[in-house]
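As stored in start-v9.txt (compact mmCIF, C-alpha atoms):
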# COMPACT_ATOMS: atom_id res chain seq x y z
CA MET A 1 67.58 -69.00 -40.08
CA ASN A 2 67.21 -67.76 -36.54
CA GLY A 3 70.58 -66.81 -35.10
CA ASP A 4 72.44 -66.75 -38.40
CA ALA A 5 74.31 -63.73 -39.62
CA VAL A 6 72.45 -61.72 -42.25
CA PRO A 7 74.30 -62.11 -45.59
CA LYS A 8 76.71 -59.27 -46.32
CA THR A 9 75.36 -58.71 -49.78
CA ASP A 10 71.85 -58.06 -48.46
CA HIS A 11 70.28 -54.99 -46.90
CA ILE A 12 68.73 -54.00 -43.61
CA LEU A 13 66.09 -51.45 -42.79
CA ARG A 14 66.20 -49.48 -39.54
CA TYR A 15 63.33 -47.38 -38.19
CA ILE A 16 64.65 -43.90 -37.46
CA ARG A 17 62.76 -41.79 -34.94
CA PRO A 18 61.78 -38.24 -35.93
CA GLY A 19 64.39 -36.71 -33.63
CA TYR A 20 67.08 -38.01 -36.00
CA VAL A 21 65.42 -37.02 -39.24
CA GLN A 22 65.55 -33.57 -40.79
CA THR A 23 64.62 -32.23 -44.17
CA ASP A 24 67.43 -30.49 -46.04
CA ASP A 25 67.17 -27.42 -48.26
CA ALA A 26 66.36 -29.61 -51.25
CA GLY A 27 63.43 -31.21 -49.41
CA GLN A 28 65.21 -34.55 -48.93
CA CYS A 29 64.98 -36.37 -45.59
CA VAL A 30 68.42 -36.66 -44.00
CA ILE A 31 69.22 -39.34 -41.43
CA LEU A 32 71.27 -37.87 -38.58
CA GLY A 33 71.66 -40.97 -36.41
CA GLY A 34 69.31 -43.19 -34.46
CA PHE A 35 71.12 -46.52 -34.84
CA LEU A 36 72.26 -47.00 -31.26
CA ALA A 37 70.49 -49.16 -28.71
CA ARG A 38 67.90 -47.75 -26.37
CA GLU A 39 67.80 -48.88 -22.76
CA SER A 40 65.02 -51.35 -23.55
CA ASP A 41 66.95 -52.94 -26.45
CA ASP A 42 69.39 -54.93 -24.31
CA HIS A 43 72.17 -53.73 -26.66
CA LYS A 44 70.41 -55.34 -29.60
CA PRO A 45 68.57 -52.72 -31.61
CA SER A 46 66.13 -54.11 -34.16
CA VAL A 47 66.51 -53.99 -37.90
CA ASN A 48 64.73 -55.79 -40.74
CA TRP A 49 66.41 -58.02 -43.30
CA LEU A 50 64.88 -56.83 -46.52
CA GLU A 51 65.76 -59.70 -48.84
CA VAL A 52 63.66 -62.10 -46.74
CA PHE A 53 60.77 -60.76 -48.76
CA ASP A 54 60.45 -61.08 -52.51
CA GLY A 55 59.76 -58.21 -54.84
CA THR A 56 61.01 -54.70 -55.34
CA THR A 57 62.67 -52.62 -52.64
CA GLU A 58 59.47 -50.62 -52.19
CA GLY A 59 57.44 -53.82 -51.89
CA ARG A 60 59.83 -55.22 -49.29
CA VAL A 61 59.67 -51.97 -47.34
CA ALA A 62 55.88 -52.20 -47.41
CA GLU A 63 56.12 -55.74 -45.96
CA VAL A 64 58.27 -54.43 -43.12
CA ARG A 65 55.75 -51.68 -42.42
CA SER A 66 52.86 -54.11 -42.37
CA ARG A 67 54.55 -56.34 -39.78
CA ARG A 68 55.88 -53.66 -37.45
CA ARG A 69 55.48 -54.03 -33.72
CA LEU A 70 56.57 -50.53 -32.92
CA GLU A 71 54.36 -47.51 -33.42
CA TYR A 72 56.03 -45.71 -36.29
CA ALA A 73 55.76 -41.91 -36.03
CA ALA A 74 54.40 -40.12 -39.07
CA SER A 75 57.64 -38.22 -39.57
CA GLY A 76 59.88 -41.18 -38.81
CA ARG A 77 61.83 -42.83 -41.64
CA LEU A 78 63.02 -46.28 -42.60
CA ALA A 79 66.72 -46.16 -43.48
CA ARG A 80 68.18 -48.77 -45.80
CA ALA A 81 71.80 -49.87 -45.56
CA ASN A 82 73.99 -52.59 -46.98
CA VAL A 83 75.01 -55.21 -44.41
CA GLU A 84 78.64 -55.34 -45.54
CA GLN A 85 79.00 -51.60 -45.11
CA VAL A 86 77.38 -51.75 -41.68
CA LEU A 87 79.68 -54.59 -40.61
CA ALA A 88 82.72 -52.67 -41.82
CA ILE A 89 81.88 -50.16 -39.11
CA LEU A 90 80.60 -52.51 -36.43
CA GLN A 91 83.55 -54.86 -36.69
CA VAL A 92 86.39 -52.36 -36.56
CA ARG A 93 87.08 -53.75 -33.09
CA PRO A 94 86.60 -57.53 -33.62
CA TRP A 95 86.73 -58.38 -29.90
CA GLU A 96 83.40 -56.60 -29.45
CA ASP A 97 81.73 -59.36 -31.48
CA ARG A 98 79.24 -57.08 -33.17
CA ASN A 99 77.15 -58.52 -35.95
CA VAL A 100 73.79 -58.38 -37.71
CA ILE A 101 71.84 -61.48 -36.70
CA HIS A 102 68.57 -62.85 -38.04
CA ALA A 103 65.95 -63.06 -35.24
CA PRO A 104 62.53 -63.75 -36.82
CA LEU A 105 59.43 -63.16 -34.74
CA SER A 106 56.55 -65.60 -34.59
CA ALA A 107 52.98 -64.46 -34.93
CA THR A 108 51.11 -63.52 -31.78
CA GLU A 109 47.47 -62.79 -31.11
CA VAL A 110 48.13 -59.17 -31.91
CA TYR A 111 50.90 -59.21 -34.47
CA PRO A 112 51.60 -61.18 -37.65
CA CYS A 113 54.90 -63.00 -37.91
CA ASP A 114 57.92 -60.99 -38.94
CA PRO A 115 60.42 -63.23 -40.73
CA SER A 116 62.62 -60.21 -41.48
CA HIS A 117 63.28 -59.19 -37.89
CA SER A 118 66.97 -59.07 -37.09
CA VAL A 119 69.20 -57.36 -34.56
CA MET A 120 72.55 -55.63 -34.44
CA THR A 121 74.43 -57.14 -31.51
CA HIS A 122 76.55 -55.52 -28.78
CA ILE A 123 75.51 -52.03 -29.75
CA PRO A 124 75.99 -49.41 -27.04
CA THR A 125 73.36 -46.97 -25.88
CA GLU A 126 73.95 -43.30 -26.53
CA ALA A 127 75.23 -42.83 -23.00
CA GLU A 128 77.68 -45.70 -23.38
CA ALA A 129 78.78 -44.61 -26.84
CA GLU A 130 79.52 -41.16 -25.50
CA LEU A 131 82.13 -42.63 -23.21
CA THR A 132 83.91 -44.99 -25.59
CA ASP A 133 82.52 -44.85 -29.06
CA ASP A 134 81.72 -41.27 -29.83
CA ALA A 135 81.23 -41.60 -33.56
CA LEU A 136 79.48 -44.97 -33.98
CA ASP A 137 76.06 -43.44 -34.61
CA ASP A 138 77.53 -40.95 -37.09
CA MET A 139 79.40 -43.73 -38.89
CA LEU A 140 76.29 -45.89 -39.20
CA ALA A 141 74.26 -42.92 -40.42
CA ARG A 142 76.80 -42.51 -43.20
CA CYS A 143 75.99 -46.05 -44.43
CA VAL A 144 72.42 -45.14 -45.27
CA LEU A 145 71.77 -45.72 -48.97
CA ASP A 146 68.27 -44.26 -49.01
CA ASN A 147 65.28 -43.89 -46.75
CA PHE A 148 61.53 -44.31 -46.94
CA PRO A 149 58.53 -42.93 -45.05
CA ALA A 150 57.81 -44.94 -41.93
CA ARG A 151 54.12 -44.72 -42.76
CA GLU A 152 52.59 -44.91 -46.19
CA MET B 153 76.20 23.00 -61.29
CA ILE B 154 76.68 23.84 -57.71
CA ALA B 155 79.42 23.86 -55.23
CA LEU B 156 78.44 21.35 -52.67
CA THR B 157 79.12 21.81 -48.99
CA ASP B 158 78.41 19.52 -46.12
CA SER B 159 75.37 21.57 -45.24
CA ASP B 160 73.89 20.88 -48.72
CA VAL B 161 74.18 17.17 -48.45
CA GLY B 162 71.15 16.75 -46.24
CA THR B 163 68.89 18.58 -48.67
CA LEU B 164 70.26 16.63 -51.64
CA ALA B 165 70.16 13.20 -50.03
CA GLY B 166 68.86 10.64 -52.45
CA ARG B 167 69.76 12.69 -55.55
CA PHE B 168 72.19 11.51 -58.16
CA VAL B 169 75.19 13.75 -58.60
CA THR B 170 78.35 13.75 -60.69
CA PHE B 171 81.51 14.95 -59.06
CA ARG B 172 84.05 17.02 -60.94
CA GLU B 173 87.29 18.67 -60.07
CA PRO B 174 86.68 22.34 -59.10
CA ASN B 175 88.83 23.75 -61.88
CA ASP B 176 87.01 21.70 -64.51
CA LEU B 177 83.83 23.67 -64.03
CA GLY B 178 82.09 23.97 -67.39
CA SER B 179 84.90 22.38 -69.30
CA SER B 180 85.62 18.87 -70.40
CA GLY B 181 87.27 18.20 -67.14
CA THR B 182 87.61 14.88 -65.48
CA THR B 183 84.09 13.81 -64.81
CA ARG B 184 83.94 11.25 -62.09
CA GLU B 185 81.32 8.74 -61.26
CA ASN B 186 77.72 9.46 -60.48
CA TYR B 187 76.73 8.89 -56.93
CA ARG B 188 73.52 8.94 -55.02
CA LEU B 189 74.06 11.24 -52.10
CA LYS B 190 73.36 10.19 -48.59
CA SER B 191 73.42 12.38 -45.52
CA GLU B 192 77.12 11.98 -45.15
CA PRO B 193 79.94 14.52 -45.21
CA ILE B 194 81.31 15.33 -48.65
CA ARG B 195 84.53 13.70 -47.64
CA ARG B 196 82.74 10.37 -47.84
CA TYR B 197 82.26 10.87 -51.58
CA TRP B 198 85.17 12.97 -52.57
CA PRO B 199 88.55 13.02 -50.93
CA GLY B 200 88.94 16.79 -51.28
CA GLY B 201 86.28 17.62 -48.72
CA SER B 202 83.72 20.37 -48.66
CA ALA B 203 84.29 22.62 -51.70
CA GLN B 204 83.92 20.20 -54.58
CA VAL B 205 81.74 21.01 -57.54
CA VAL B 206 78.99 18.67 -58.54
CA ILE B 207 76.42 18.48 -61.24
CA LEU B 208 72.95 17.33 -60.45
CA ALA B 209 72.80 14.74 -63.16
CA ASP B 210 69.05 14.33 -62.91
CA GLU B 211 68.54 18.03 -63.74
CA ASN B 212 70.87 18.24 -66.70
CA PRO B 213 69.97 16.23 -69.85
CA ALA B 214 73.59 16.27 -70.86
CA TYR B 215 74.26 14.08 -67.92
CA ALA B 216 71.15 11.97 -68.18
CA GLN B 217 73.19 8.88 -68.74
CA PRO B 218 72.48 5.72 -66.85
CA MET B 219 73.55 6.16 -63.29
CA THR B 220 76.02 3.88 -61.67
CA GLU B 221 75.18 2.10 -58.49
CA PRO B 222 74.81 4.29 -55.43
CA TYR B 223 78.09 5.22 -53.91
CA LYS B 224 79.71 2.54 -51.86
CA GLY B 225 82.66 3.53 -49.80
CA PRO B 226 84.70 1.17 -47.65
CA ARG B 227 82.40 1.76 -44.71
CA ASP B 228 79.32 0.94 -46.83
CA THR B 229 80.91 -2.22 -48.14
CA LEU B 230 81.84 -3.32 -44.64
CA TRP B 231 78.40 -2.41 -43.34
CA GLU B 232 76.70 -4.33 -46.14
CA GLN B 233 78.88 -7.35 -45.53
CA GLN B 234 78.08 -7.25 -41.83
CA GLN B 235 74.40 -6.83 -42.65
CA ARG B 236 74.47 -9.83 -45.00
CA GLU B 237 76.18 -11.91 -42.33
CA LEU B 238 73.67 -10.75 -39.73
CA ASP B 239 70.74 -11.54 -42.04
CA ALA B 240 72.16 -14.97 -42.78
CA PHE B 241 72.75 -15.66 -39.09
CA GLN B 242 69.27 -14.50 -38.17
CA SER B 243 67.87 -16.93 -40.75
CA VAL B 244 69.97 -19.67 -39.17
CA GLU B 245 68.76 -18.76 -35.70
CA ILE B 246 65.12 -18.67 -36.77
CA ALA B 247 65.45 -22.00 -38.61
CA THR B 248 67.16 -23.56 -35.60
CA LEU B 249 64.50 -22.30 -33.20
CA GLY B 250 61.87 -23.72 -35.53
CA ARG B 251 63.66 -27.06 -35.61
CA VAL B 252 63.91 -27.10 -31.81
CA GLY B 253 60.16 -26.49 -31.66
CA VAL B 254 59.54 -29.47 -33.93
CA LEU B 255 61.89 -31.65 -31.86
CA GLN B 256 60.14 -30.56 -28.69
CA ALA B 257 56.79 -31.71 -30.04
CA GLU B 258 58.22 -34.98 -31.42
CA GLY B 259 60.16 -35.60 -28.20
CA GLU B 260 57.15 -35.16 -25.98
CA ARG B 261 55.29 -37.77 -28.01
CA GLU B 262 58.13 -40.18 -27.23
CA GLY B 263 58.72 -39.12 -23.64
CA VAL B 264 62.01 -37.32 -24.36
CA HIS B 265 62.14 -33.76 -23.07
CA ILE B 266 64.64 -31.28 -24.43
CA SER B 267 67.17 -30.19 -21.85
CA VAL B 268 66.74 -26.47 -21.26
CA ALA B 269 70.45 -26.16 -20.52
CA SER B 270 71.34 -27.93 -23.76
CA GLU B 271 69.05 -25.69 -25.79
CA ALA B 272 70.54 -22.59 -24.15
CA ALA B 273 74.07 -23.84 -24.86
CA LEU B 274 73.21 -24.46 -28.52
CA LEU B 275 71.75 -20.99 -28.96
CA ARG B 276 74.68 -19.42 -27.12
CA PHE B 277 77.10 -21.23 -29.42
CA LEU B 278 75.24 -20.05 -32.51
CA ARG B 279 75.11 -16.43 -31.29
CA THR B 280 78.79 -16.45 -30.49
CA ASN B 281 79.97 -18.06 -33.71
CA ARG B 282 77.27 -16.77 -36.06
CA PRO B 283 77.19 -19.53 -38.68
CA SER B 284 75.54 -18.51 -41.92
CA LYS B 285 74.54 -22.11 -42.71
CA ARG B 286 71.89 -23.73 -40.59
CA PRO B 287 72.88 -26.91 -38.81
CA TYR B 288 70.86 -30.08 -38.74
CA VAL B 289 69.70 -30.58 -35.17
CA SER B 290 68.86 -33.92 -33.60
CA LEU B 291 67.37 -34.75 -30.21
CA LEU B 292 69.20 -37.43 -28.26
CA ASP B 293 67.60 -39.84 -25.81
CA ASN B 294 69.14 -37.93 -22.91
CA GLY B 295 67.32 -34.76 -23.98
CA ASN B 296 70.44 -33.06 -25.31
CA LEU B 297 70.47 -31.34 -28.68
CA ARG B 298 73.12 -32.11 -31.25
CA ALA B 299 74.02 -29.75 -34.10
CA ILE B 300 75.48 -31.20 -37.28
CA TRP B 301 76.97 -29.47 -40.30
CA ARG B 302 77.79 -31.71 -43.26
CA SER B 303 79.42 -31.23 -46.63
CA ALA B 304 78.62 -33.17 -49.77
CA SER B 305 82.12 -34.63 -49.66
CA GLY B 306 81.60 -36.26 -46.27
CA GLU B 307 83.13 -33.72 -43.92
CA GLN B 308 81.11 -33.19 -40.78
CA ILE B 309 80.95 -31.21 -37.58
CA GLY B 310 78.84 -32.81 -34.84
CA LEU B 311 78.36 -31.01 -31.53
CA GLN B 312 76.34 -32.36 -28.63
CA PHE B 313 75.41 -29.58 -26.24
CA LYS B 314 75.55 -31.14 -22.82
CA GLY B 315 74.29 -28.09 -21.03
CA GLY B 316 77.35 -27.60 -18.89
CA PRO B 317 80.61 -25.99 -20.01
CA GLU B 318 81.51 -29.01 -22.16
CA ILE B 319 80.49 -29.81 -25.70
CA GLN B 320 80.99 -33.30 -27.06
CA TYR B 321 82.33 -33.06 -30.58
CA VAL B 322 82.84 -35.43 -33.50
CA LEU B 323 84.68 -34.08 -36.54
CA PHE B 324 85.14 -35.80 -39.87
CA CYS B 325 87.80 -34.06 -41.95
CA HIS B 326 89.72 -35.02 -45.06
CA ARG B 327 93.02 -34.49 -43.24
CA ASP B 328 92.31 -37.69 -41.34
CA GLY B 329 90.93 -39.55 -44.34
CA LEU B 330 87.42 -38.79 -43.13
CA LYS B 331 88.03 -40.78 -39.98
CA PRO B 332 86.22 -39.25 -37.04
CA SER B 333 87.97 -37.48 -34.22
CA GLY B 334 85.96 -36.84 -31.12
CA GLY B 335 86.15 -35.68 -27.56
CA ARG B 336 84.97 -32.98 -25.22
CA ALA B 337 85.91 -29.34 -25.19
CA THR B 338 84.58 -26.03 -23.96
CA ALA B 339 82.54 -23.75 -26.20
CA GLN B 340 85.55 -21.45 -26.40
CA GLU B 341 87.82 -24.25 -27.61
CA ILE B 342 85.47 -25.70 -30.24
CA PRO B 343 85.99 -23.03 -32.96
CA GLY B 344 89.75 -23.62 -32.77
CA LEU B 345 89.30 -27.38 -33.12
CA ILE B 346 87.03 -26.86 -36.09
CA ALA B 347 89.52 -24.47 -37.68
CA ASP B 348 92.40 -26.91 -37.08
CA CYS B 349 90.46 -29.47 -39.13
CA ARG B 350 89.73 -26.82 -41.77
CA LEU B 351 86.02 -27.31 -41.28
CA THR B 352 85.01 -23.71 -40.54
CA ALA B 353 83.64 -23.36 -44.07
CA LEU B 354 81.01 -26.01 -43.28
CA MET B 355 79.29 -23.46 -41.06
CA ARG B 356 79.26 -20.83 -43.80
CA ALA B 357 76.68 -20.66 -46.55

This structure in structure tokens:
Amino acid sequence: MNGDAVPKTDHILRYIRPGYVQTDDAGQCVILGGFLARESDDHKPSVNWLEVFDGTTEGRVAEVRSRRRLEYAASGRLARANVEQVLAILQVRPWEDRNVIHAPLSATEVYPCDPSHSVMTHIPTEAEAELTDDALDDMLARCVLDNFPARE
Amino acid sequence: MIALTDSDVGTLAGRFVTFREPNDLGSSGTTRENYRLKSEPIRRYWPGGSAQVVILADENPAYAQPMTEPYKGPRDTLWEQQQRELDAFQSVEIATLGRVGVLQAEGEREGVHISVASEAALLRFLRTNRPSKRPYVSLLDNGNLRAIWRSASGEQIGLQFKGGPEIQYVLFCHRDGLKPSGGRATAQEIPGLIADCRLTALMRA
């Protein structure tokens, strides 16, 4: 439900821009960061709650792709992480009130509805993190279980 | 069999020879290893210097045994090691430049332009410290480049090149239970910080 915390046992998907993705020597895509808020995010970067959709992980990822409102770059990736592991990092300092909150989007003339849309709250921008929270992006990148092409 | 002098070495460069003690000429004396001569003084091959006796093994069937590897003295070994390190570093530098090119193209599509000062600082750091393992490189929203070396066990070096004298670093080392330590330091101080965390090996192939 809108405004509720995403269950800890579930998973989120985060679009990772190409600048934070690199292929390693084995040909695997490595996520280097890209979890922090951008200026336009109002400290609430978007994620998608995967278990909102039924089916396999790949099928759920396809649903997220089909309802995107961002232009996904061809070399971008969708990084999957477990909510509990993400919260273990976000909530190290409880007074910052960070969480992963469900924020579904209604359909518009242009876009279909996105019942999976969620946000991470009180997330700093890179500039802010540099001052107080140097390693947050690195820590979140370490939660990534696997990642998928942003475009099929 | 000939007595080899320094002046002969140039003409015999590339030939395989077997060194013997001078007084073992023609006898079952102490045959030493076969070497491939280079244009180096005899002293490089044989401690005695210029008057040692050698057999051209490739002209004498009695000595047509498989040759050992070409002679490698301490200087050769050091030179080869330096050459290997240089080759590895050059591969790292080329790979990094290629990655920066990719990031430049991706960044321009998203309106993020690589900071020239940051790129110069990254390349200066690599040339000074000569890692033999290529770093991952990411492009931050502020246009700075960030180099990352990771191990399979979770250790990590992360360096944001801010363009000025300072580098922002984040280190994950086992000493701290893989908790990150971060801050700012000069390019001269960073190698010491990395060594203190025993992470230098992350930058080596």

Could you tell me which of B:Ala353, B:His326, B:Arg336, B:Phe313 comes closest to Arg276 of chain B if we count all atoms listed in the file? B:Phe313

Chain A residues within 8 Å of chain B, counting only C-alpha atoms: which ones, as a list of chain:residue names?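 Within 8 Å of chain B on chain A, we get A:Pro18, A:Gly19, A:Tyr20, A:Val21, A:Gln22, A:Leu32, A:Arg38, A:Glu126, A:Ala127, A:Asp134, A:Ala135.
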
Would you work out the distance separating atom CA of Glu109 of chain A from atom CA of Tyr72 of chain A, expressed in Å to one decimal?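 Going from atom CA of Glu109 of chain A over to atom CA of Tyr72 of chain A, I get 19.8 Å.
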
What gap, in Å, lies between atom CA of Gly315 of chain B and atom CA of Ile246 of chain B?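 Spanning atom CA of Gly315 of chain B to atom CA of Ile246 of chain B is a straight-line distance of 20.5 Å.
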
Quick check, in Å to one decimal: how far apart do atom CA of Asn82 of chain A and atom CA of Thr9 of chain A lie? 6.9 Å

Looking at A:Gly59, A:Pro7, A:Pro149, A:Gly76, which one is nearest to Gly34 of chain A, with distances taken over all atoms listed in the file? A:Gly76

Nearest to Asp348 of chain B among B:Leu330, B:Cys325, B:Ala304, B:Leu230, with distances taken over all atoms listed in the file: which residue is it?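 The shortest atom-to-atom distance to Asp348 of chain B comes from B:Cys325.
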
Got a sec: who's within 9 Å of Asn99 of chain A, counting all atoms listed in the file, leaving out chain neighbours fewer than 6 positions off, as an MDAnalysis selection string? chainID A and resid 5:6 86:87 90:91 119:122

Taking (62.8, -61.5, -48.2) as a centre in this file's frame and 12 Å as the limit, can you find every polymer residue with an atom that close, using all atoms listed in the file, and give them as a list in words?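 Answer for this query, in the requested form: Val6, Pro7, Asp10, His11, Ile12, Leu13, Asn48, Trp49, Leu50, Glu51, Val52, Phe53, Asp54, Gly55, Thr56, Thr57, Gly59, Arg60, Val61, Ala62, Glu63, Val64, His102, Pro104, Asp114, Pro115, Ser116 and His117 of chain A.
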
Once 5 Å is added on each side, what centre and edge lengths in Å to one decimal does the axis-aligned box around all listed atoms of segment 288-291 of chain B have, as JSON?
{"center_x": 69.1, "center_y": -32.4, "center_z": -34.5, "size_x": 13.5, "size_y": 14.7, "size_z": 18.5}

Name the closest residue to Asp4 of chain A among the candidates A:Val47, A:Val144, A:Ala107, A:Val100; distances are taken between atoms, counting all atoms listed in the file.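 Distance minimum relative to Asp4 of chain A lands on A:Val100.
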